[in-house]
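Here is the structure we will look at, set down as structure tokens.
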Amino acid sequence: MKKEKFRVNILKFLNKRGFNTTASILAQVSDTTDVKAEIHSYDYDYCSATLEITDCSRKISIDLDIDNKTQYNNTISKLDLIIDSLTKVKSALALEFVLKEKRSVESKKLMAAEKRKKSIKRRRS
């Protein structure tokens, strides 16, 4: 059996160095350029495509079928929706992080002011 060739073959760790949990993405699309048409060669006229995302012990596997035009259109729609959703989540997280940082600065100022009040109160007693 011939070794499978890939048009896309990505296996990457998602976390940056220093993070101890295992998280990865596997994205593969086979390359069928060299596959010749044959009568009833359904087993050979198959493009395999895989998308798996893991984080700790959780795993997401997404079917990426392109056996016919309907399946192809559905797969492209799935990918577009995933990309759109991830883009929106990324933007929302960026906004939330800015708000979190502002609250953190304000909280530190409030704590410092409270500490000064207590210190002044103690001096007066």
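Residues are referred to by chain and number: the chain letter is A, B, ... according to the order shown in the structure tokens, the number counts from 1 in that chain, and ligands are numbered separately from 1 in the order shown.
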
Find the nearest atom pair between each residue of region 63-117 of chain A and region 20-37 of chain A for residues within 12 Å, count only C-alpha atoms, give distances in Å to one decimal, sort rows by chain and ascending number, and present the table as CSV.
residue,atom,partner,partner_atom,distance
A:Asp63,CA,A:Ala27,CA,11.2
A:Leu64,CA,A:Val29,CA,9.0
A:Asp65,CA,A:Val29,CA,10.5
A:Ile66,CA,A:Val29,CA,10.8

Those residues you just picked out, can you put them in a file as an mmCIF file, in the first residue's frame with C-alpha atoms?
data_model
loop_
_atom_site.group_PDB
_atom_site.id
_atom_site.type_symbol
_atom_site.label_atom_id
_atom_site.label_comp_id
_atom_site.auth_asym_id
_atom_site.auth_seq_id
_atom_site.Cartn_x
_atom_site.Cartn_y
_atom_site.Cartn_z
ATOM 1 C CA ASP A 63 -16.018 15.211 9.921
ATOM 2 C CA LEU A 64 -14.880 16.917 6.737
ATOM 3 C CA ASP A 65 -16.611 14.919 4.021
ATOM 4 C CA ILE A 66 -16.377 15.841 0.341
#

Next item on the list: Would you list, as number ranges by chain, the residues of region 24-89 of chain A that end up in helix (DSSP H, G or I) under DSSP run on this structure's backbone?
Entry: A: 69-89

So that I have them on file, write out the residues from the current selection with C-alpha atoms, as a PDB file, in the first residue's frame.
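For reference, out.pdb as written:
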ATOM      1  CA  LYS A  69     -21.233  18.273  -3.800  1.00  0.00           C
ATOM      2  CA  THR A  70     -23.813  18.301  -0.986  1.00  0.00           C
ATOM      3  CA  GLN A  71     -21.281  16.991   1.542  1.00  0.00           C
ATOM      4  CA  TYR A  72     -18.621  19.362   0.229  1.00  0.00           C
ATOM      5  CA  ASN A  73     -20.940  22.371   0.600  1.00  0.00           C
ATOM      6  CA  ASN A  74     -21.887  21.265   4.109  1.00  0.00           C
ATOM      7  CA  THR A  75     -18.223  20.852   5.098  1.00  0.00           C
ATOM      8  CA  ILE A  76     -17.333  24.313   3.772  1.00  0.00           C
ATOM      9  CA  SER A  77     -20.323  25.757   5.650  1.00  0.00           C
ATOM     10  CA  LYS A  78     -19.131  24.026   8.862  1.00  0.00           C
ATOM     11  CA  LEU A  79     -15.627  25.421   8.465  1.00  0.00           C
ATOM     12  CA  ASP A  80     -16.927  28.935   7.721  1.00  0.00           C
ATOM     13  CA  LEU A  81     -19.117  28.836  10.832  1.00  0.00           C
ATOM     14  CA  ILE A  82     -16.236  27.576  12.995  1.00  0.00           C
ATOM     15  CA  ILE A  83     -13.896  30.277  11.665  1.00  0.00           C
ATOM     16  CA  ASP A  84     -16.536  32.987  12.157  1.00  0.00           C
ATOM     17  CA  SER A  85     -17.310  31.807  15.700  1.00  0.00           C
ATOM     18  CA  LEU A  86     -13.648  31.602  16.694  1.00  0.00           C
ATOM     19  CA  THR A  87     -13.002  35.086  15.280  1.00  0.00           C
ATOM     20  CA  LYS A  88     -15.900  36.510  17.313  1.00  0.00           C
ATOM     21  CA  VAL A  89     -14.762  34.713  20.475  1.00  0.00           C
TER      22      VAL A  89
END

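Interatomic distance, CA of Lys121 (chain A) to CA of Glu106 (chain A): 22.5 Å.
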
Next item on the list: Would you list, as a PyMOL selection string, the residues of chain A that end up in strand (DSSP E) under DSSP run on this structure's backbone?
Entry: chain A and resi 6-13+23-30+49-55+58-63

Those residues you just picked out, can you put them in a file as a PDB file, in the first residue's frame with C-alpha atoms?
ATOM      1  CA  PHE A   6      -1.107  15.136   2.344  1.00  0.00           C
ATOM      2  CA  ARG A   7      -2.030  18.509   0.933  1.00  0.00           C
ATOM      3  CA  VAL A   8      -2.281  19.731   4.536  1.00  0.00           C
ATOM      4  CA  ASN A   9      -0.611  17.953   7.441  1.00  0.00           C
ATOM      5  CA  ILE A  10      -0.582  20.084  10.596  1.00  0.00           C
ATOM      6  CA  LEU A  11       0.034  18.822  14.097  1.00  0.00           C
ATOM      7  CA  LYS A  12       0.726  21.660  16.538  1.00  0.00           C
ATOM      8  CA  PHE A  13       0.623  22.160  20.270  1.00  0.00           C
ATOM      9  CA  ALA A  23      -3.607  20.862  23.913  1.00  0.00           C
ATOM     10  CA  SER A  24      -3.144  20.280  20.206  1.00  0.00           C
ATOM     11  CA  ILE A  25      -4.644  20.625  16.774  1.00  0.00           C
ATOM     12  CA  LEU A  26      -4.425  18.028  14.016  1.00  0.00           C
ATOM     13  CA  ALA A  27      -5.513  19.077  10.546  1.00  0.00           C
ATOM     14  CA  GLN A  28      -4.993  16.771   7.587  1.00  0.00           C
ATOM     15  CA  VAL A  29      -6.260  16.714   4.022  1.00  0.00           C
ATOM     16  CA  SER A  30      -5.001  13.953   1.791  1.00  0.00           C
ATOM     17  CA  ALA A  49      -9.795  15.044   5.826  1.00  0.00           C
ATOM     18  CA  THR A  50      -9.386  15.305   9.571  1.00  0.00           C
ATOM     19  CA  LEU A  51      -9.763  18.121  12.057  1.00  0.00           C
ATOM     20  CA  GLU A  52      -9.173  17.315  15.714  1.00  0.00           C
ATOM     21  CA  ILE A  53      -8.684  19.684  18.607  1.00  0.00           C
ATOM     22  CA  THR A  54      -7.665  18.401  22.040  1.00  0.00           C
ATOM     23  CA  ASP A  55      -7.375  20.183  25.365  1.00  0.00           C
ATOM     24  CA  ARG A  58     -11.306  16.676  25.969  1.00  0.00           C
ATOM     25  CA  LYS A  59     -11.311  16.089  22.223  1.00  0.00           C
ATOM     26  CA  ILE A  60     -13.298  17.535  19.330  1.00  0.00           C
ATOM     27  CA  SER A  61     -13.317  15.621  16.041  1.00  0.00           C
ATOM     28  CA  ILE A  62     -15.019  17.144  13.038  1.00  0.00           C
ATOM     29  CA  ASP A  63     -16.018  15.211   9.921  1.00  0.00           C
TER      30      ASP A  63
END
